[in-house]
Amino acid sequence: METLSYLAIGFEQALTPQALLFCLLGVSLGTFIGVLPGIGSLTTIALCLPLTFHLEPLPGLIMLAGIFYGAQYGSSTASILLNVPGSAPAAITCLDGYPMSQQGRAGIALFITTIASFIGGSFAILLLVFFAPILADFAISFSAADYFSIMILALTAASTLSVGSPLKGLTMVVLGLLLGLVGTDINSGQFRFTFGIPALADGINLVALAMGLFGVAEILNNLSNGNVPLASREDISLKNMLPSKQDWKAFRNACLRGSVIGSFIGMLPGTGPTIATFMAYAGEKKLSDTPEKFGKGAIEGISAPEAANNASVQAAFIPTLTLGVPGDAIMAVMLGGLLVHGITPGPQLVTTDAALFWGVVASFWIGNALLLVLNLPMIGLWVKLLSIPYRILFPSVLFLICIGVYSVNNSSVDVLLTLGFGLLGFFLNRFGYPSAPLLLGFVLGPLIEENFRRALVLSGSNLATFITRPISLVFLLMTLALLSFTFWRGSIRHLNNPSGVNP
Amino acid sequence: MPPLAFILVGLATAFTAVTYEIGTFTRMGPGFVPMVLGSILILLGGLTLCRDRQSEPQTGIALRPFIAVTTGILFWALLVEFAGFLPGSAGLVLLTSLALPHTRWHSVLILATVLSVAGYLLFVLQLGVPLNAVG
Amino acid sequence: MKQAVILIGTLTISLLLTACGEQSQTAVESTADYPSKPIRVIIPFGPGGLADVTLRLAGEPLGEGLGQRLVIENRPGAGGVAATTNILNSEADGYTLIVLTNGTTIAETLFDKLPYQITEDLVPVSSVTWFDLVLLVHPDAGVESLEALLAEKGNDLKIATINPGSTQNLTAELFNTRSGIDATIIPYRTTPDVLGALLRQEVDLVIDAYTALKGAIDSGQARPVAVTGESRNPAMPDVPTVTEAGIEDFVVTGWNALYAKAGTPPEILRQLNDSVARVVNTQDIQNRFRELGVEARATSAEQMQERLLDDIEKWRQVIETAGIDTL
């Protein structure tokens with residue numbers, strides 16, 4: 001098959017010592033950055049971009065890509081061990097990863113997330129290699145109405161994220177939606193809720209919000225309780241890291257589902273890994289026979305999101321490399337880097353510069369394999385992190401959060417926002433308001449509004465567009481199905497459980 | 001207490017939203033969605049007030065960590081561009097370390113130094129975040 | 001602990017492999033010794049964008065010509081506020097420069113309550129890059145020319161651009177006014193989104209920078225029907241200008257220029273202007289810029305300032321007519 005011969009060329013390119021070195025550099029740096037709360041792959045890639053100008057295009061691109069997907073491997077580490085996400089999408093892994101850690105299963109959790117990341121990444125790479133053109137065309141055909149319907153489905157999934165009072169969960173979603181609207185309205189150029197502050201004109205920074213809401217709030221929570229968390233004496237041997245047989249089965253299916261969801265969301269331009277991880281988690285919880293174990297250390301609760309995370313990040317390359325349409329802000333930066341070398345990204349890249357294209361694709365595989373080899377032995381090291389006294393750990397984490405958030409836009413306003421959201425999250429959590437729904441609302445809100453209004457402009461204010469477009473119709477029906485399913489299940493449970501205990 | 005806050009926020013949002021153009025459902029202006037969300041927030045706040053009557057936080061909120069962390073981060077954010085990365089970071093570590101009682105100054109000072117220097121090497125020199133070491 | 005060693009080892013290698021930017025803290029020298037230390041160039045955009053790429057390309061030879069390195073600093077942020085505030089907090093000694101663009105002149109109106117005045121607080125060095133915008137249609141749409149498109153669609157015309165307040169978007173507004181039709185302008189978040197809209201044929205026309213869509217044009221995904229400059233773009237000699245297509249009083253050319261803080265000694269400014277002009281006129285830079293689809297051209301300081309003021313006024317009118325909100 002033609003593709004395989006291209007792949008061969010690609011591997012030839014990607015296996016040169018120089019390419020391998022930069023791959024290793026990229027994925028190591030990516031993992032390291034991913035582990036550190038605050039600083040994320042976008043910032044790192046942006047900062048490393050100038051370095052690639054002095055390199056050949058292929059090694060440079062390989063390194064940047066390595067940072068990108070490498071970061072997704074590392075970001076769940078801090079989530080699991082400290083309940084502080086390494087990046088916004090990793091916030092979901094906190095929900096079940098941290099409880100696992102508290103149960104003395106941190107090693108297993110880290111092992112599982114690493115494998116899940118690898119599976120998710122590999123799945124998306126397979127899609128990229130064999131189906132890229134079809135998928136890219138499919139992805140680009142999604143119009144505003146279709147995006148809207150997908151986001152509505154995602155929003156409905158948000159209901160699964162709240163632990164405790166559904167009313168409070170819903171309130172947080174709405175608050176998140178509102179916070180997402182701060183900034184410039186894309187459809188009219190109107191500044192909303194900016195109060196004359198230029199730093200808010202671009203909206204609230206996602207990293208600032210996520211780090212504050214989950215990172216600073218978590219630290220405040222622990223300090224306020226006066227108790228030093230974890231430090232469970234875990235025995236780190238390979239045997240203890242491996243999940244049990246039951247774990248494996250749950251894990252395998254969750255991984256697959258997560259990979260599919262992640263790949264799908266990832267290849268749509270304009271969405272991001274955060275949405276992918278949320279939807280994967282919600283999907284698992286809805287499909288599970290025992291949803292009550294979520295939030296308390298469910299294997300599916302970390303494997304699906306992690307697979308989705310890596311799959312989405314890898315799948316974002318599909319429209320990027322095939323059509324020249326970046327699937328992500330990070331892709332756009334990387335493509336910009338190509339301009340300096342005189343390479344204009346676009347669909348012709350596949351044909352005119354086949355060696356470059358396939359070299360990069362081959363490097364994905366190599367990179368993921370490298371990450372597996374790198375990360376597994378490090379699990380022991382990370383778990384040892386737990387035994388660092390909290391009085392040393394928490395100022396370090398706060399420090400990393402500050403510099404990490406600052407480095408996104410070189411803005412201290414963002415750091416102040418992080419503090420603000422930390423305080424907000426802390427207080428609200430104390431009163432029983434969960435943070436995860438707010439994050440989801442924040443990410444989805446602008447997308448929902450923007451696409452709804454744009455769909456109407458495109459259709460000439462015709463509401464029927466949401467059902468006449470087939471893709472949109474499918475997702476709206478899925479949303480309806482999800483809602484009915486939830487109510488049906490809820491009423492069945494009510495019938496079986498007349499005492500009214502809420503699972 | 002939070003339900004009241006939500007009601008207030010909802011009201012403020014709705015009032016601000018009116019100053020932006022509202023439009024109609026099929027031709028939404030920038031104020032439409034904020035208005036709707038603000039109203040929902042008021043509604044939810046009201047419902048929560050009635051149903052989950054919880055005026056005290058579930059566990060107490062200690063004052064000391066709250067002050068330590070807030071001043072620490074404020075210190076960093078406000079000073080790092082004027083006084084430099086090293087003083088700012090050191091200050092952050094010192095101030096936030098006050099959150100826990102029985103501060104061991106010995107280890108705090110070492111931690112402050114190590115973090116500031118290592119952070120400088122990694123973030124400023126290596127990654128190129130535009131901040132000065134001092135000043 | 002072996003793992004820790006590997007980790008630290010990898011990091012050390014990466015530290016060694018890349019150049020560490022040292023920051024020299026020498027005192028300000030007299031103007032006769034200028035430049036005696038690296039010069040910071042602040043770009044109000046993130047890396048990878050057009051301004052960033054062109055300045056980096058020109059930055060190397062410029063640094064060589066001046067005898068000191070040019071250090072590019074990215075300080076993105078709405079309206080260029082972060083970048084401008086930064087340079088205004090530095091000394092007016094010629095060691096900090098800023099890149100102003102077309103967008104700056106727009107921001108003057110959009111962000112009118114800022115604590116500084118671009119026209120007073122900054123002084124020009126020279127322009128560096130000039131570029132046109134291009135109007136594109138879908139290749140299968142059967143559109144022969146811009147006039148034909150306007151005649152066919154009239155007020156049903158749908159134009160896609162990036163966000164309101166951007167040069168591209170305001171160009172579309174200006175186009176609307178000058179062409180006499182009432183097209184619907186649909187804003188998207190990024191250029192790739194705009195391209196996507198064109199590929200899906202959910203809009204008839206797209207207006208964006210040539211460089212950003214060069215890949216799409218070269219590969220046949222999009223067809224240019226007009227350029228917005230005063231004269232035709234050498235990269236697309238068969239494409240008429242908008243004026244040629246019959247729309248009067250419509251010329252939009254984007255630019256990037258180097259500015260310094262007001263109060264910088266005039267000798268230094270003159271030295272910079274000379275160096276920029278020399279570098280910009282070299283064959284190498286001319287070629288590389290043309291490959292990107294832009295033009296490398298320097299101007300005198302006075303010409304640049306004149307252009308700045310003209311553009312501020314021009315866009316102010318467009319913003320008012322379009323009714324776009326200001327901060």
# chains A, B, ... in the order shown; residues from 1 in each chain; ligands from 1

$ residues_around --residues "region 206-221 of chain C" --least-positions-apart "5" --cutoff "10 Å" --atoms "only C-alpha atoms" --output "ChimeraX atom specification"
/A:323-325,336,339,343-349 /C:49-50,131-140,158-162,167-169,171-172,175,185-186,191-192,194-195,197-199,226-228,233,235,253-254,290-294

$ residues_around --residues "Ile7 (chain B)" --least-positions-apart "2" --cutoff "6 Å" --atoms "only C-alpha atoms" --output "list of chain:residue names"
B:Leu4, B:Ala5, B:Val9, B:Gly10, B:Ile42, B:Gly45

$ select_by_dssp --residues "region 332-487 of chain A" --states "helix (DSSP H, G or I)" --output "PDB file with C-alpha atoms, in the first residue's frame"
ATOM      1  CA  ALA A 332      -1.036  27.456  14.605  1.00  0.00           C
ATOM      2  CA  VAL A 333       2.141  28.428  16.412  1.00  0.00           C
ATOM      3  CA  MET A 334       3.965  25.420  15.012  1.00  0.00           C
ATOM      4  CA  LEU A 335       2.802  26.139  11.502  1.00  0.00           C
ATOM      5  CA  GLY A 336       4.002  29.694  11.944  1.00  0.00           C
ATOM      6  CA  GLY A 337       7.371  28.250  12.741  1.00  0.00           C
ATOM      7  CA  LEU A 338       7.407  26.592   9.341  1.00  0.00           C
ATOM      8  CA  LEU A 339       7.006  29.957   7.659  1.00  0.00           C
ATOM      9  CA  VAL A 340      10.456  30.984   8.750  1.00  0.00           C
ATOM     10  CA  GLN A 348       0.149  20.745  -0.729  1.00  0.00           C
ATOM     11  CA  LEU A 349       2.560  20.017   2.076  1.00  0.00           C
ATOM     12  CA  VAL A 350       1.670  16.338   1.924  1.00  0.00           C
ATOM     13  CA  THR A 351       2.695  16.114  -1.701  1.00  0.00           C
ATOM     14  CA  THR A 352       5.404  18.698  -2.134  1.00  0.00           C
ATOM     15  CA  ALA A 354       6.179  14.285   1.666  1.00  0.00           C
ATOM     16  CA  ALA A 355       9.386  13.575   3.509  1.00  0.00           C
ATOM     17  CA  LEU A 356       8.605  16.278   6.048  1.00  0.00           C
ATOM     18  CA  PHE A 357       5.006  15.234   6.512  1.00  0.00           C
ATOM     19  CA  TRP A 358       5.662  11.560   6.954  1.00  0.00           C
ATOM     20  CA  GLY A 359       8.766  12.211   8.954  1.00  0.00           C
ATOM     21  CA  VAL A 360       6.685  14.109  11.467  1.00  0.00           C
ATOM     22  CA  VAL A 361       4.018  11.409  11.532  1.00  0.00           C
ATOM     23  CA  ALA A 362       6.594   8.699  12.085  1.00  0.00           C
ATOM     24  CA  SER A 363       8.115  10.758  14.868  1.00  0.00           C
ATOM     25  CA  PHE A 364       4.752  10.728  16.652  1.00  0.00           C
ATOM     26  CA  TRP A 365       4.962   7.010  17.028  1.00  0.00           C
ATOM     27  CA  ILE A 366       8.547   7.066  18.069  1.00  0.00           C
ATOM     28  CA  GLY A 367       7.775   9.856  20.498  1.00  0.00           C
ATOM     29  CA  ASN A 368       4.900   8.018  22.122  1.00  0.00           C
ATOM     30  CA  ALA A 369       7.010   4.917  22.466  1.00  0.00           C
ATOM     31  CA  LEU A 370       9.798   6.973  24.003  1.00  0.00           C
ATOM     32  CA  LEU A 371       7.328   8.484  26.419  1.00  0.00           C
ATOM     33  CA  LEU A 372       6.161   5.082  27.527  1.00  0.00           C
ATOM     34  CA  VAL A 373       9.721   4.019  28.165  1.00  0.00           C
ATOM     35  CA  LEU A 374      10.524   7.295  29.915  1.00  0.00           C
ATOM     36  CA  ASN A 375       7.451   7.566  32.072  1.00  0.00           C
ATOM     37  CA  LEU A 376       7.001   4.082  33.441  1.00  0.00           C
ATOM     38  CA  PRO A 377      10.250   3.947  35.372  1.00  0.00           C
ATOM     39  CA  MET A 378       9.645   7.431  36.672  1.00  0.00           C
ATOM     40  CA  ILE A 379       6.477   6.445  38.454  1.00  0.00           C
ATOM     41  CA  GLY A 380       8.488   5.367  41.437  1.00  0.00           C
ATOM     42  CA  LEU A 381      10.173   8.742  41.487  1.00  0.00           C
ATOM     43  CA  TRP A 382       6.913  10.619  41.377  1.00  0.00           C
ATOM     44  CA  VAL A 383       5.346   8.624  44.141  1.00  0.00           C
ATOM     45  CA  LYS A 384       8.360   9.419  46.285  1.00  0.00           C
ATOM     46  CA  LEU A 385       7.301  13.034  45.778  1.00  0.00           C
ATOM     47  CA  TYR A 390       3.872  19.463  52.796  1.00  0.00           C
ATOM     48  CA  ARG A 391       5.424  22.618  54.196  1.00  0.00           C
ATOM     49  CA  ILE A 392       8.031  22.336  51.456  1.00  0.00           C
ATOM     50  CA  LEU A 393       5.674  21.052  48.791  1.00  0.00           C
ATOM     51  CA  PHE A 394       2.946  23.647  48.893  1.00  0.00           C
ATOM     52  CA  PRO A 395       5.076  26.817  48.512  1.00  0.00           C
ATOM     53  CA  SER A 396       6.836  25.093  45.611  1.00  0.00           C
ATOM     54  CA  VAL A 397       3.566  24.304  43.927  1.00  0.00           C
ATOM     55  CA  LEU A 398       2.306  27.849  44.468  1.00  0.00           C
ATOM     56  CA  PHE A 399       5.544  29.168  43.021  1.00  0.00           C
ATOM     57  CA  LEU A 400       5.198  26.977  39.943  1.00  0.00           C
ATOM     58  CA  ILE A 401       1.606  28.025  39.501  1.00  0.00           C
ATOM     59  CA  CYS A 402       2.540  31.695  39.646  1.00  0.00           C
ATOM     60  CA  ILE A 403       5.346  31.562  37.138  1.00  0.00           C
ATOM     61  CA  GLY A 404       3.432  29.116  34.971  1.00  0.00           C
ATOM     62  CA  VAL A 405       0.357  31.294  34.732  1.00  0.00           C
ATOM     63  CA  TYR A 406       2.482  34.418  34.256  1.00  0.00           C
ATOM     64  CA  SER A 407       4.384  32.906  31.349  1.00  0.00           C
ATOM     65  CA  VAL A 408       1.272  32.353  29.235  1.00  0.00           C
ATOM     66  CA  ASN A 409       0.814  36.028  28.461  1.00  0.00           C
ATOM     67  CA  SER A 412       0.675  39.581  36.246  1.00  0.00           C
ATOM     68  CA  VAL A 413      -3.024  40.283  35.893  1.00  0.00           C
ATOM     69  CA  ASP A 414      -3.430  36.612  35.090  1.00  0.00           C
ATOM     70  CA  VAL A 415      -1.652  35.692  38.307  1.00  0.00           C
ATOM     71  CA  LEU A 416      -3.981  37.979  40.248  1.00  0.00           C
ATOM     72  CA  LEU A 417      -6.893  36.267  38.555  1.00  0.00           C
ATOM     73  CA  THR A 418      -5.493  32.924  39.621  1.00  0.00           C
ATOM     74  CA  LEU A 419      -5.465  34.101  43.200  1.00  0.00           C
ATOM     75  CA  GLY A 420      -8.987  35.377  42.845  1.00  0.00           C
ATOM     76  CA  PHE A 421     -10.274  32.125  41.447  1.00  0.00           C
ATOM     77  CA  GLY A 422      -8.390  30.219  44.101  1.00  0.00           C
ATOM     78  CA  LEU A 423     -10.192  32.126  46.809  1.00  0.00           C
ATOM     79  CA  LEU A 424     -13.497  31.822  45.009  1.00  0.00           C
ATOM     80  CA  GLY A 425     -13.087  28.090  44.502  1.00  0.00           C
ATOM     81  CA  PHE A 426     -12.014  27.581  48.088  1.00  0.00           C
ATOM     82  CA  PHE A 427     -14.999  29.384  49.563  1.00  0.00           C
ATOM     83  CA  LEU A 428     -17.502  27.827  47.215  1.00  0.00           C
ATOM     84  CA  ASN A 429     -16.116  24.337  47.776  1.00  0.00           C
ATOM     85  CA  ARG A 430     -16.572  24.831  51.496  1.00  0.00           C
ATOM     86  CA  ALA A 436     -15.406  20.918  37.802  1.00  0.00           C
ATOM     87  CA  PRO A 437     -18.763  22.072  36.384  1.00  0.00           C
ATOM     88  CA  LEU A 438     -17.563  25.666  36.451  1.00  0.00           C
ATOM     89  CA  LEU A 439     -14.546  24.817  34.335  1.00  0.00           C
ATOM     90  CA  LEU A 440     -16.685  22.994  31.824  1.00  0.00           C
ATOM     91  CA  GLY A 441     -19.169  25.843  31.617  1.00  0.00           C
ATOM     92  CA  PHE A 442     -16.324  28.274  31.146  1.00  0.00           C
ATOM     93  CA  VAL A 443     -14.886  26.340  28.238  1.00  0.00           C
ATOM     94  CA  LEU A 444     -18.199  25.595  26.588  1.00  0.00           C
ATOM     95  CA  GLY A 445     -20.057  28.854  27.125  1.00  0.00           C
ATOM     96  CA  PRO A 446     -18.414  31.042  24.508  1.00  0.00           C
ATOM     97  CA  LEU A 447     -18.444  28.192  21.976  1.00  0.00           C
ATOM     98  CA  ILE A 448     -22.132  27.545  22.452  1.00  0.00           C
ATOM     99  CA  GLU A 449     -23.165  31.159  22.136  1.00  0.00           C
ATOM    100  CA  GLU A 450     -20.821  31.946  19.276  1.00  0.00           C
ATOM    101  CA  ASN A 451     -21.884  28.993  17.204  1.00  0.00           C
ATOM    102  CA  PHE A 452     -25.568  29.433  17.886  1.00  0.00           C
ATOM    103  CA  ARG A 453     -25.526  33.020  16.713  1.00  0.00           C
ATOM    104  CA  ARG A 454     -23.295  32.293  13.775  1.00  0.00           C
ATOM    105  CA  ALA A 455     -25.465  29.390  12.672  1.00  0.00           C
ATOM    106  CA  LEU A 456     -28.437  31.730  12.615  1.00  0.00           C
ATOM    107  CA  VAL A 457     -26.592  34.400  10.680  1.00  0.00           C
ATOM    108  CA  LEU A 458     -25.499  31.820   8.133  1.00  0.00           C
ATOM    109  CA  SER A 459     -28.968  30.429   7.734  1.00  0.00           C
ATOM    110  CA  THR A 465     -30.874  24.859  10.364  1.00  0.00           C
ATOM    111  CA  PHE A 466     -30.176  22.929  13.547  1.00  0.00           C
ATOM    112  CA  ILE A 467     -32.287  20.035  12.399  1.00  0.00           C
ATOM    113  CA  THR A 468     -31.872  20.221   8.665  1.00  0.00           C
ATOM    114  CA  PRO A 470     -27.633  16.071   9.423  1.00  0.00           C
ATOM    115  CA  ILE A 471     -24.674  16.245  11.790  1.00  0.00           C
ATOM    116  CA  SER A 472     -26.387  18.763  13.992  1.00  0.00           C
ATOM    117  CA  LEU A 473     -29.523  16.659  14.033  1.00  0.00           C
ATOM    118  CA  VAL A 474     -27.610  13.583  15.099  1.00  0.00           C
ATOM    119  CA  PHE A 475     -26.069  15.322  18.073  1.00  0.00           C
ATOM    120  CA  LEU A 476     -29.291  16.938  19.153  1.00  0.00           C
ATOM    121  CA  LEU A 477     -30.955  13.546  19.085  1.00  0.00           C
ATOM    122  CA  MET A 478     -28.091  12.141  21.114  1.00  0.00           C
ATOM    123  CA  THR A 479     -28.604  14.897  23.643  1.00  0.00           C
ATOM    124  CA  LEU A 480     -32.275  14.068  23.842  1.00  0.00           C
ATOM    125  CA  ALA A 481     -31.452  10.406  24.231  1.00  0.00           C
ATOM    126  CA  LEU A 482     -28.993  11.202  26.983  1.00  0.00           C
ATOM    127  CA  LEU A 483     -31.525  13.297  28.843  1.00  0.00           C
ATOM    128  CA  SER A 484     -34.245  10.662  28.588  1.00  0.00           C
ATOM    129  CA  PHE A 485     -31.813   7.959  29.580  1.00  0.00           C
ATOM    130  CA  THR A 486     -30.823   9.926  32.665  1.00  0.00           C
ATOM    131  CA  PHE A 487     -34.413  10.515  33.696  1.00  0.00           C
TER     132      PHE A 487
END

$ closest_atom_pairs --of "chain C" --to "chain A" --cutoff "8 Å" --atoms "only C-alpha atoms" --output "Markdown table"
| residue | atom | partner | partner_atom | distance |
| --- | --- | --- | --- | --- |
| C:Met1 | CA | A:Leu381 | CA | 7.3 |
| C:Gln3 | CA | A:Met378 | CA | 5.9 |
| C:Ala4 | CA | A:Leu381 | CA | 7.2 |
| C:Leu7 | CA | A:Ser28 | CA | 7.9 |
| C:Thr10 | CA | A:Leu25 | CA | 7.2 |
| C:Leu11 | CA | A:Leu29 | CA | 7.5 |
| C:Ser14 | CA | A:Leu25 | CA | 6.8 |
| C:Thr18 | CA | A:Leu51 | CA | 7.3 |
| C:Gly46 | CA | A:Ala46 | CA | 7.3 |
| C:Pro47 | CA | A:Ala46 | CA | 5.8 |
| C:Gly48 | CA | A:Gly336 | CA | 4.0 |
| C:Gly49 | CA | A:Gly336 | CA | 5.9 |
| C:Leu50 | CA | A:Gly336 | CA | 7.8 |
| C:Val53 | CA | A:Val340 | CA | 6.0 |
| C:Leu57 | CA | A:Val340 | CA | 7.4 |
| C:Arg75 | CA | A:Asn410 | CA | 6.4 |
| C:Pro76 | CA | A:Asn409 | CA | 6.3 |
| C:Gly77 | CA | A:Ala199 | CA | 6.9 |
| C:Ala78 | CA | A:Asp202 | CA | 6.0 |
| C:Gly79 | CA | A:Pro198 | CA | 7.5 |
| C:Val81 | CA | A:Pro198 | CA | 7.0 |
| C:Ala82 | CA | A:Ser411 | CA | 7.7 |
| C:Phe111 | CA | A:Pro198 | CA | 7.8 |
| C:Lys113 | CA | A:Gly196 | CA | 7.9 |
| C:Asn163 | CA | A:Ile186 | CA | 5.9 |
| C:Pro164 | CA | A:Gly189 | CA | 4.9 |
| C:Gly165 | CA | A:Gly189 | CA | 6.7 |
| C:Ile186 | CA | A:Asn187 | CA | 7.2 |
| C:Pro187 | CA | A:Asn187 | CA | 6.0 |
| C:Tyr188 | CA | A:Ile186 | CA | 7.0 |
| C:Arg189 | CA | A:Ile186 | CA | 7.0 |
| C:Pro192 | CA | A:Val325 | CA | 5.1 |
| C:Asp193 | CA | A:Pro269 | CA | 7.7 |
| C:Leu195 | CA | A:Val325 | CA | 7.6 |
| C:Gly196 | CA | A:Ile140 | CA | 6.2 |
| C:Ala197 | CA | A:Ser143 | CA | 7.7 |
| C:Leu199 | CA | A:Ile140 | CA | 7.8 |
| C:Arg200 | CA | A:Ser141 | CA | 6.0 |
| C:Glu202 | CA | A:Leu458 | CA | 7.0 |
| C:Val203 | CA | A:Leu458 | CA | 7.9 |
| C:Lys214 | CA | A:Thr344 | CA | 7.0 |
| C:Gly215 | CA | A:Gly346 | CA | 4.6 |
| C:Ala216 | CA | A:Gly346 | CA | 5.9 |
| C:Asp218 | CA | A:Gln348 | CA | 7.9 |
| C:Ser219 | CA | A:Gln348 | CA | 5.5 |
| C:Arg288 | CA | A:Gly342 | CA | 7.8 |
| C:Glu291 | CA | A:Gly342 | CA | 7.0 |
| C:Leu292 | CA | A:Gly342 | CA | 7.1 |
| C:Ile324 | CA | A:Gly189 | CA | 6.1 |
| C:Asp325 | CA | A:Gln190 | CA | 5.1 |
| C:Thr326 | CA | A:Phe191 | CA | 7.3 |
| C:Leu327 | CA | A:Gly196 | CA | 5.7 |

$ interface_residues --of "chain B" --to "chain A" --cutoff "8 Å" --atoms "only C-alpha atoms" --output "JSON, numbers by chain"
{"B": [2, 16, 20, 26, 27, 28, 29, 30, 33, 34, 37, 38, 40, 41, 44, 45, 48, 54, 56, 57, 58, 59, 60, 61, 62, 63, 65, 66, 69, 70, 73, 74, 76, 77, 78, 89, 92, 93, 96, 97, 99, 100, 108, 111, 115, 123, 127, 128, 129, 130]}

$ atom_distance --atom1 "CA of Gly215 (chain A)" --atom2 "CA of Ala88 (chain A)"
10.3 Å

$ select_by_dssp --residues "region 21-240 of chain A" --states "strand (DSSP E or B)" --output "PDB file with N, CA and C atoms, in the first residue's frame"
ATOM      1  N   GLY A 183     -15.077  39.416  28.060  1.00  0.00           N
ATOM      2  CA  GLY A 183     -14.139  39.669  26.979  1.00  0.00           C
ATOM      3  C   GLY A 183     -14.844  40.314  25.798  1.00  0.00           C
ATOM      4  N   THR A 184     -14.391  39.985  24.630  1.00  0.00           N
ATOM      5  CA  THR A 184     -14.973  40.580  23.432  1.00  0.00           C
ATOM      6  C   THR A 184     -15.948  39.603  22.809  1.00  0.00           C
ATOM      7  N   PHE A 191     -17.438  44.780  23.879  1.00  0.00           N
ATOM      8  CA  PHE A 191     -16.706  44.367  25.072  1.00  0.00           C
ATOM      9  C   PHE A 191     -17.703  44.066  26.166  1.00  0.00           C
ATOM     10  N   ARG A 192     -17.611  42.868  26.736  1.00  0.00           N
ATOM     11  CA  ARG A 192     -18.572  42.504  27.788  1.00  0.00           C
ATOM     12  C   ARG A 192     -17.866  42.258  29.098  1.00  0.00           C
TER      13      ARG A 192
END

$ residues_around --residues "region 307-321 of chain C" --least-positions-apart "6" --cutoff "8 Å" --atoms "only C-alpha atoms" --output "list in words"
Asn102, Thr105, Ile106, Glu108, Thr109, Thr119, Gly165, Leu170, Glu173 and Leu174 of chain C

$ closest_residue --among "C:Arg40, C:Ile285, C:Ala262, C:Asp33" --to "chain B" --atoms "only C-alpha atoms"
C:Arg40
